[in-house]
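Asks: This is query.txt (compact mmCIF, C-alpha atoms and all ligand atoms).
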```txt
# COMPACT_ATOMS: atom_id res chain seq x y z
CA MET S 131 -16.24 24.13 -4.81
CA LYS S 132 -13.11 26.09 -3.87
CA GLN S 133 -11.06 25.30 -7.01
CA LEU S 134 -13.90 26.48 -9.28
CA GLN S 135 -14.38 29.68 -7.26
CA HIS S 136 -10.64 30.32 -7.43
CA PHE S 137 -10.55 29.80 -11.21
CA PHE S 138 -13.45 32.17 -11.91
CA LYS S 139 -12.68 34.83 -9.28
CA ASP S 140 -11.22 37.28 -11.84
CA LYS S 141 -13.41 36.31 -14.83
CA THR S 142 -16.55 38.08 -16.05
CA VAL S 143 -19.45 35.63 -16.22
CA GLN S 144 -23.11 36.55 -16.72
CA GLN S 145 -24.83 33.68 -18.52
CA VAL S 146 -24.33 30.01 -17.62
CA LEU S 147 -25.84 26.89 -19.22
CA ASP S 148 -25.83 23.51 -17.45
CA VAL S 149 -26.52 20.64 -19.88
CA GLY S 150 -27.96 17.39 -18.43
CA CYS S 151 -28.76 19.26 -15.19
CA GLY S 152 -30.92 16.46 -13.72
CA SER S 153 -32.35 17.56 -10.37
CA GLY S 154 -29.73 20.31 -10.15
CA ASP S 155 -26.77 19.10 -8.09
CA PHE S 156 -24.31 20.94 -10.33
CA ILE S 157 -26.60 23.99 -10.59
CA LYS S 158 -26.07 24.32 -6.84
CA VAL S 159 -22.29 24.19 -7.35
CA LEU S 160 -22.49 26.82 -10.13
CA ASN S 161 -24.81 29.10 -8.16
CA ASP S 162 -22.45 28.95 -5.16
CA THR S 163 -19.40 29.49 -7.39
CA PHE S 164 -20.87 32.69 -8.81
CA ASN S 165 -22.50 33.79 -5.51
CA GLY S 166 -25.99 33.76 -7.01
CA GLN S 167 -24.96 36.68 -9.27
CA VAL S 168 -25.25 35.01 -12.70
CA SER S 169 -28.17 33.81 -14.77
CA ILE S 170 -28.23 29.99 -14.95
CA THR S 171 -30.20 27.88 -17.42
CA GLY S 172 -30.47 24.15 -16.76
CA VAL S 173 -31.51 21.77 -19.54
CA ASP S 174 -32.29 18.07 -19.42
CA PRO S 175 -34.36 15.69 -21.60
CA GLY S 176 -35.98 14.17 -18.49
CA GLU S 177 -39.13 16.07 -17.41
CA GLN S 178 -39.18 14.17 -14.11
CA TRP S 179 -35.72 15.60 -13.24
CA LEU S 180 -36.72 19.10 -14.28
CA LYS S 181 -39.78 18.96 -12.04
CA GLU S 182 -37.49 18.26 -9.08
CA ALA S 183 -35.03 20.94 -10.16
CA ARG S 184 -37.75 23.59 -10.53
CA ALA S 185 -39.06 22.80 -7.05
CA ARG S 186 -35.54 23.01 -5.64
CA PHE S 187 -34.50 26.32 -7.29
CA ALA S 188 -37.31 28.84 -7.29
CA GLN S 189 -34.95 31.82 -7.70
CA GLU S 190 -35.63 34.16 -10.62
CA HIS S 191 -32.10 33.95 -12.02
CA ILE S 192 -32.32 30.14 -12.46
CA CYS S 193 -34.55 28.64 -15.16
CA PHE S 194 -35.01 25.24 -16.77
CA SER S 195 -35.93 23.82 -20.17
CA CYS S 196 -36.53 20.35 -21.50
CA MET S 197 -33.98 19.48 -24.20
CA SER S 198 -31.15 17.12 -25.13
CA GLY S 199 -27.51 18.11 -25.25
CA GLU S 200 -27.40 17.03 -28.90
CA THR S 201 -29.93 19.70 -29.96
CA LEU S 202 -29.54 22.85 -27.88
CA ALA S 203 -32.23 25.38 -28.81
CA PHE S 204 -30.04 28.45 -28.26
CA GLU S 205 -28.38 30.95 -30.58
CA ASP S 206 -24.66 30.64 -31.27
CA ALA S 207 -22.42 32.28 -28.65
CA SER S 208 -25.14 32.71 -26.00
CA PHE S 209 -23.32 31.70 -22.79
CA ASP S 210 -20.08 32.58 -20.97
CA VAL S 211 -19.92 29.12 -19.36
CA VAL S 212 -21.46 25.85 -20.56
CA SER S 213 -21.21 22.86 -18.24
CA LEU S 214 -21.99 19.14 -18.35
CA SER S 215 -21.83 17.27 -15.07
CA ASN S 216 -21.96 13.50 -14.76
CA ALA S 217 -23.85 13.33 -18.03
CA LEU S 218 -21.01 12.67 -20.52
CA HIS S 219 -21.48 8.90 -20.14
CA HIS S 220 -25.26 9.30 -20.65
CA LEU S 221 -25.12 11.05 -24.03
CA ALA S 222 -26.53 9.26 -27.06
CA ASP S 223 -24.16 11.20 -29.35
CA LEU S 224 -21.24 12.55 -27.38
CA GLU S 225 -19.56 14.32 -30.31
CA GLN S 226 -22.74 16.10 -31.37
CA ALA S 227 -23.51 17.26 -27.83
CA LEU S 228 -19.98 18.61 -27.34
CA ASN S 229 -20.23 20.38 -30.72
CA GLU S 230 -23.49 21.97 -29.58
CA MET S 231 -21.86 23.09 -26.32
CA LYS S 232 -19.00 24.63 -28.32
CA ARG S 233 -21.50 26.36 -30.62
CA VAL S 234 -23.47 28.05 -27.82
CA VAL S 235 -20.47 29.16 -25.73
CA LYS S 236 -19.27 32.72 -26.42
CA PRO S 237 -15.82 33.23 -27.97
CA GLY S 238 -13.44 33.36 -24.99
CA GLY S 239 -15.94 31.46 -22.81
CA TRP S 240 -15.41 28.22 -20.91
CA ILE S 241 -16.72 24.68 -21.08
CA ILE S 242 -16.81 22.68 -17.85
CA ILE S 243 -16.95 18.89 -18.00
CA ASN S 244 -17.43 17.28 -14.60
CA GLU S 245 -17.50 13.50 -14.74
CA VAL S 246 -17.39 10.58 -12.32
CA SER S 247 -14.09 8.76 -12.85
CA ASP S 248 -12.67 5.24 -12.65
CA GLY S 249 -9.15 4.21 -11.57
CA ASP S 250 -7.37 4.24 -8.17
CA LEU S 251 -10.63 3.66 -6.30
CA THR S 252 -10.88 2.60 -2.67
CA GLU S 253 -12.95 -0.50 -1.86
CA ALA S 254 -15.86 1.76 -0.73
CA GLN S 255 -15.67 3.65 -4.05
CA GLU S 256 -15.48 0.33 -5.93
CA ASN S 257 -18.86 -0.45 -4.33
CA GLN S 258 -20.38 2.70 -5.85
CA LYS S 259 -18.85 1.76 -9.21
CA MET S 260 -20.28 -1.77 -8.92
CA LEU S 261 -23.81 -0.43 -8.41
CA HIS S 262 -23.39 2.28 -11.06
CA HIS S 263 -22.03 -0.17 -13.66
CA PHE S 264 -24.85 -2.60 -12.92
CA LYS S 265 -27.36 0.24 -13.45
CA SER S 266 -25.66 1.21 -16.72
CA PHE S 267 -25.71 -2.46 -17.85
CA VAL S 268 -29.46 -2.74 -17.15
CA ASP S 269 -30.13 0.63 -18.85
CA ARG S 270 -28.28 -0.53 -21.98
CA LEU S 271 -30.36 -3.73 -22.04
CA HIS S 272 -33.43 -1.48 -22.06
CA GLY S 273 -31.92 0.52 -24.95
CA ILE S 274 -31.10 3.56 -22.80
CA PRO S 275 -27.65 5.07 -23.57
CA HIS S 276 -25.54 4.67 -20.42
CA ARG S 277 -21.84 3.84 -20.66
CA SER S 278 -19.55 2.53 -17.94
CA THR S 279 -17.33 5.13 -16.31
CA TRP S 280 -13.98 6.24 -17.77
CA THR S 281 -10.58 6.75 -16.16
CA VAL S 282 -9.13 10.24 -15.76
CA ASP S 283 -6.90 9.76 -18.83
CA GLU S 284 -9.83 8.51 -20.92
CA ILE S 285 -11.95 11.55 -19.98
CA LEU S 286 -9.09 13.92 -20.78
CA ASP S 287 -8.62 12.15 -24.14
CA ILE S 288 -12.32 12.54 -24.97
CA VAL S 289 -12.10 16.25 -24.18
CA ARG S 290 -8.99 16.71 -26.36
CA GLN S 291 -10.34 14.55 -29.23
CA ASN S 292 -13.37 16.83 -29.36
CA LYS S 293 -11.19 19.85 -30.08
CA LEU S 294 -11.28 21.34 -26.63
CA GLU S 295 -8.19 22.86 -25.09
CA ILE S 296 -7.81 21.94 -21.42
CA VAL S 297 -7.17 24.97 -19.23
CA ASP S 298 -7.38 23.27 -15.82
CA SER S 299 -8.45 19.93 -14.36
CA PHE S 300 -8.68 18.40 -10.91
CA ARG S 301 -10.20 15.38 -9.21
CA HIS S 302 -12.54 15.94 -6.26
CA LEU S 303 -14.79 14.00 -3.92
CA LYS S 304 -18.54 14.57 -3.62
CA THR S 305 -18.56 13.01 -0.17
CA LYS S 306 -15.44 12.88 2.00
CA GLN S 307 -16.68 10.15 4.38
CA VAL S 308 -17.23 6.45 3.78
CA ASN S 309 -20.85 5.70 4.67
CA PHE S 310 -21.42 2.70 6.98
CA GLU S 311 -24.92 3.67 8.16
CA SER S 312 -27.16 0.61 7.93
CA TYR S 313 -30.24 2.43 6.54
CA PHE S 314 -28.05 3.86 3.74
CA LEU S 315 -26.37 0.54 2.92
CA ASP S 316 -29.78 -1.20 2.97
CA GLU S 317 -31.04 1.35 0.44
CA LYS S 318 -28.04 0.62 -1.83
CA SER S 319 -28.75 -3.15 -1.56
CA ARG S 320 -32.39 -2.50 -2.43
CA GLN S 321 -31.33 -0.51 -5.50
CA MET S 322 -29.19 -3.44 -6.71
CA GLU S 323 -32.02 -5.86 -5.91
CA SER S 324 -34.60 -3.90 -7.91
CA LEU S 325 -32.22 -3.63 -10.88
CA LEU S 326 -31.80 -7.42 -10.73
CA GLU S 327 -35.58 -7.84 -10.61
CA GLU S 328 -35.80 -5.93 -13.89
CA LEU S 329 -33.78 -8.77 -15.44
CA GLN S 330 -36.16 -11.56 -14.30
CA GLY S 331 -37.00 -13.83 -17.24
CA ARG S 332 -33.93 -12.79 -19.26
CA PRO S 333 -30.73 -14.84 -19.65
CA GLU S 334 -28.81 -11.94 -18.06
CA TYR S 335 -30.60 -12.63 -14.75
CA ASP S 336 -28.76 -15.92 -14.17
CA GLN S 337 -25.52 -14.42 -15.46
CA THR S 338 -25.60 -11.57 -12.93
CA LYS S 339 -27.63 -12.74 -9.91
CA ASP S 340 -24.48 -13.63 -7.90
CA GLN S 341 -23.56 -9.95 -7.85
CA LEU S 342 -26.23 -9.18 -5.24
CA PRO S 343 -24.88 -11.32 -2.33
CA LEU S 344 -21.35 -10.24 -3.25
CA PHE S 345 -22.42 -6.57 -3.23
CA LYS S 346 -24.13 -6.97 0.17
CA GLU S 347 -21.01 -8.61 1.64
CA ARG S 348 -18.76 -5.89 0.21
CA LEU S 349 -21.03 -3.12 1.57
CA GLU S 350 -20.85 -4.62 5.06
CA GLN S 351 -17.08 -4.93 4.86
CA HIS S 352 -16.09 -1.67 3.13
CA GLY S 353 -19.07 0.72 3.26
CA PHE S 354 -20.02 3.00 0.35
CA GLN S 355 -18.54 6.19 -1.04
CA SER S 356 -19.03 8.05 -4.33
CA ALA S 357 -16.12 7.62 -6.73
CA PRO S 358 -14.01 10.75 -7.34
CA GLN S 359 -15.14 13.13 -10.07
CA LEU S 360 -12.86 14.81 -12.58
CA LEU S 361 -13.60 18.45 -13.31
CA VAL S 362 -12.14 19.80 -16.54
CA ILE S 363 -12.23 23.46 -17.56
CA ALA S 364 -11.68 23.82 -21.29
CA ARG S 365 -12.05 26.18 -24.23
CA PRO S 366 -12.98 25.41 -27.83
CA LYS S 367 -9.84 25.25 -29.98
CA ALA S 368 -9.65 27.92 -32.65
CA ARG S 369 -11.18 26.55 -35.89
C1 LIG S 401 -26.30 11.34 -13.41
S1 LIG S 401 -27.39 12.58 -13.96
C2 LIG S 401 -26.42 14.05 -13.65
C3 LIG S 401 -27.25 15.18 -13.14
C4 LIG S 401 -26.50 16.44 -12.73
N1 LIG S 401 -25.88 17.08 -13.87
C5 LIG S 401 -25.46 16.14 -11.68
O1 LIG S 401 -24.27 16.43 -11.88
O2 LIG S 401 -25.84 15.61 -10.63
C6 LIG S 401 -27.32 12.44 -15.72
C7 LIG S 401 -28.31 13.34 -16.43
O3 LIG S 401 -28.05 13.33 -17.84
C8 LIG S 401 -29.29 13.46 -18.47
N2 LIG S 401 -29.18 13.08 -19.89
C9 LIG S 401 -29.33 11.86 -20.44
N3 LIG S 401 -29.20 11.92 -21.77
C10 LIG S 401 -28.94 13.22 -22.07
C11 LIG S 401 -28.74 13.92 -23.29
N4 LIG S 401 -28.75 13.31 -24.46
N5 LIG S 401 -28.53 15.26 -23.22
C12 LIG S 401 -28.52 15.90 -22.02
N6 LIG S 401 -28.71 15.27 -20.85
C13 LIG S 401 -28.93 13.95 -20.87
C14 LIG S 401 -30.22 12.59 -17.67
O4 LIG S 401 -31.59 12.89 -17.90
C15 LIG S 401 -29.76 12.89 -16.25
O5 LIG S 401 -30.49 13.92 -15.67
```
So that I can check it, write out the structure of this file as structure tokens.
Replies:
Amino acid sequence: MKQLQHFFKDKTVQQVLDVGCGSGDFIKVLNDTFNGQVSITGVDPGEQWLKEARARFAQEHICFSCMSGETLAFEDASFDVVSLSNALHHLADLEQALNEMKRVVKPGGWIIINEVSDGDLTEAQENQKMLHHFKSFVDRLHGIPHRSTWTVDEILDIVRQNKLEIVDSFRHLKTKQVNFESYFLDEKSRQMESLLEELQGRPEYDQTKDQLPLFKERLEQHGFQSAPQLLVIARPKAR
């Protein structure tokens, strides 16, 4: 990601922590940003994600550990950069996780929050939001923390409210093209369908079942594209 490379080009970074790393999409961004020259630790509470991540990044300078953002098992001031990508809206306790990230970052280090954003979406991006919000709704019914997405201003407010000083921020697209390929759109329909199936036998099934034909129609008309993400580079405010 060019903006990230530009920001860090004259900074000294050796140790990086990626919280909520999942299968490692943002680890790839970080590794490219620092040209494979820094040590990266990815943590996530989901063992199934870490298994994928470990298979994907076999390099010695990248390692993984199973843990939640709310309880980071690292000493104070251990990392030059601590990131959280597309996981802010998954956290059970957002304030505690951000406090932990502030605790483990070195004085003078940076915190990166990258987060999918709402607001000013194209119709194709609205389709991604529709599927994502349906998934978050079903997760919440199952008791899994998963909020709906926030606007750019809401994300910036969360960052500021948690005593982080914003140094830079920009919106970017994961995929530049709108996808109209039928196999891809069919897969998105199937994802919505299987989420709906999870609601069979619950009152929410009847309340939401009309979303599926509407989603299919919208996919055919507008295609599918990931909503823009907001990347914020911040520093803990002096205590
Ligand atoms: C949408 S994925 C993002 C993965 C990756 N960071 C990326 O940018 O593609 C959200 C991740 O947050 C993780 N997660 C959920 N609750 C978490 C928590 N309390 N602390 C840290 N990560 C959490 C999930 O396991 C999942 O891997």
Asks: Can you pull out every residue within 12 Å of His352 (chain S), counting only C-alpha atoms, but drop anything in the same chain fewer than 4 positions away, and send it as a VMD selection string?
Replies: chain S and resid 252 to 258 307 to 311 315 344 to 348
Asks: Would you give the centre and edge lengths, in Å to one decimal, of a box along x, y and z around the listed atoms of region 215-229 of chain S, with 3 Å added to each side, as AutoDock Vina command-line options?
Replies:
```
--center_x -23.0 --center_y 14.6 --center_z -23.1 --size_x 13.0 --size_y 17.5 --size_z 22.6
```
Asks: Could you give me the residues within 8 Å of ligand LIG 401 (chain S), counting only C-alpha atoms and all ligand atoms, as a PyMOL selection string?
Replies: chain S and resi 148-157+173-176+179+197-200+214-218+220-223+227+244-245+275
Asks: Print the selection's residues with C-alpha atoms to a file, as a PDB file, in the frame of the given file.
Replies:
```
ATOM      1  CA  ASP S 148     -25.830  23.510 -17.450  1.00  0.00           C
ATOM      2  CA  VAL S 149     -26.520  20.640 -19.880  1.00  0.00           C
ATOM      3  CA  GLY S 150     -27.960  17.390 -18.430  1.00  0.00           C
ATOM      4  CA  CYS S 151     -28.760  19.260 -15.190  1.00  0.00           C
ATOM      5  CA  GLY S 152     -30.920  16.460 -13.720  1.00  0.00           C
ATOM      6  CA  SER S 153     -32.350  17.560 -10.370  1.00  0.00           C
ATOM      7  CA  GLY S 154     -29.730  20.310 -10.150  1.00  0.00           C
ATOM      8  CA  ASP S 155     -26.770  19.100  -8.090  1.00  0.00           C
ATOM      9  CA  PHE S 156     -24.310  20.940 -10.330  1.00  0.00           C
ATOM     10  CA  ILE S 157     -26.600  23.990 -10.590  1.00  0.00           C
ATOM     11  CA  VAL S 173     -31.510  21.770 -19.540  1.00  0.00           C
ATOM     12  CA  ASP S 174     -32.290  18.070 -19.420  1.00  0.00           C
ATOM     13  CA  PRO S 175     -34.360  15.690 -21.600  1.00  0.00           C
ATOM     14  CA  GLY S 176     -35.980  14.170 -18.490  1.00  0.00           C
ATOM     15  CA  TRP S 179     -35.720  15.600 -13.240  1.00  0.00           C
ATOM     16  CA  MET S 197     -33.980  19.480 -24.200  1.00  0.00           C
ATOM     17  CA  SER S 198     -31.150  17.120 -25.130  1.00  0.00           C
ATOM     18  CA  GLY S 199     -27.510  18.110 -25.250  1.00  0.00           C
ATOM     19  CA  GLU S 200     -27.400  17.030 -28.900  1.00  0.00           C
ATOM     20  CA  LEU S 214     -21.990  19.140 -18.350  1.00  0.00           C
ATOM     21  CA  SER S 215     -21.830  17.270 -15.070  1.00  0.00           C
ATOM     22  CA  ASN S 216     -21.960  13.500 -14.760  1.00  0.00           C
ATOM     23  CA  ALA S 217     -23.850  13.330 -18.030  1.00  0.00           C
ATOM     24  CA  LEU S 218     -21.010  12.670 -20.520  1.00  0.00           C
ATOM     25  CA  HIS S 220     -25.260   9.300 -20.650  1.00  0.00           C
ATOM     26  CA  LEU S 221     -25.120  11.050 -24.030  1.00  0.00           C
ATOM     27  CA  ALA S 222     -26.530   9.260 -27.060  1.00  0.00           C
ATOM     28  CA  ASP S 223     -24.160  11.200 -29.350  1.00  0.00           C
ATOM     29  CA  ALA S 227     -23.510  17.260 -27.830  1.00  0.00           C
ATOM     30  CA  ASN S 244     -17.430  17.280 -14.600  1.00  0.00           C
ATOM     31  CA  GLU S 245     -17.500  13.500 -14.740  1.00  0.00           C
ATOM     32  CA  PRO S 275     -27.650   5.070 -23.570  1.00  0.00           C
TER      33      PRO S 275
END
```
Asks: Residues near region 136-142 of chain S, anyone? I mean within 10 Å using only C-alpha atoms, not counting same-chain ones fewer than 2 positions away, as an mmCIF file with C-alpha atoms, in the frame of the given file.
Replies:
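Saved as around.cif:
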```cif
data_model
loop_
_atom_site.group_PDB
_atom_site.id
_atom_site.type_symbol
_atom_site.label_atom_id
_atom_site.label_comp_id
_atom_site.auth_asym_id
_atom_site.auth_seq_id
_atom_site.Cartn_x
_atom_site.Cartn_y
_atom_site.Cartn_z
ATOM 1 C CA MET S 131 -16.240 24.130 -4.810
ATOM 2 C CA LYS S 132 -13.110 26.090 -3.870
ATOM 3 C CA GLN S 133 -11.060 25.300 -7.010
ATOM 4 C CA LEU S 134 -13.900 26.480 -9.280
ATOM 5 C CA GLN S 144 -23.110 36.550 -16.720
ATOM 6 C CA GLN S 145 -24.830 33.680 -18.520
ATOM 7 C CA THR S 163 -19.400 29.490 -7.390
ATOM 8 C CA PHE S 164 -20.870 32.690 -8.810
ATOM 9 C CA VAL S 168 -25.250 35.010 -12.700
ATOM 10 C CA ASP S 210 -20.080 32.580 -20.970
ATOM 11 C CA GLY S 239 -15.940 31.460 -22.810
ATOM 12 C CA VAL S 297 -7.170 24.970 -19.230
ATOM 13 C CA ASP S 298 -7.380 23.270 -15.820
ATOM 14 C CA ILE S 363 -12.230 23.460 -17.560
#
```
Asks: With distances taken over all atoms listed in the file, which residue among S:Leu361, S:Ile296, S:Met260, S:Ile288 lies nearest Gln321 (chain S)?
Replies: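 Looking only at the distances to Gln321 (chain S), the closest residue turns out to be S:Met260.
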Asks: Find the residues near Phe209 (chain S): any atom within 6 Å, counting all atoms listed in the file, skip ones fewer than 2 places away on the same chain, and give them as a ChimeraX atom specification.
Replies: /S:145-146,207,211,235-236
Asks: Which is closer to Gln226 (chain S) than all the others in S:Gln135, S:Asn292, S:Gln355, S:Ser312, using all atoms listed in the file?
Replies: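 Using all atoms listed in the file, Gln226 (chain S) sits closest to S:Asn292.
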Asks: Measure the distance from CA of His191 (chain S) to CA of Arg233 (chain S) in Å and round it to one decimal.
Replies: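 Result for CA of His191 (chain S) versus CA of Arg233 (chain S): 22.7 Å, one decimal.
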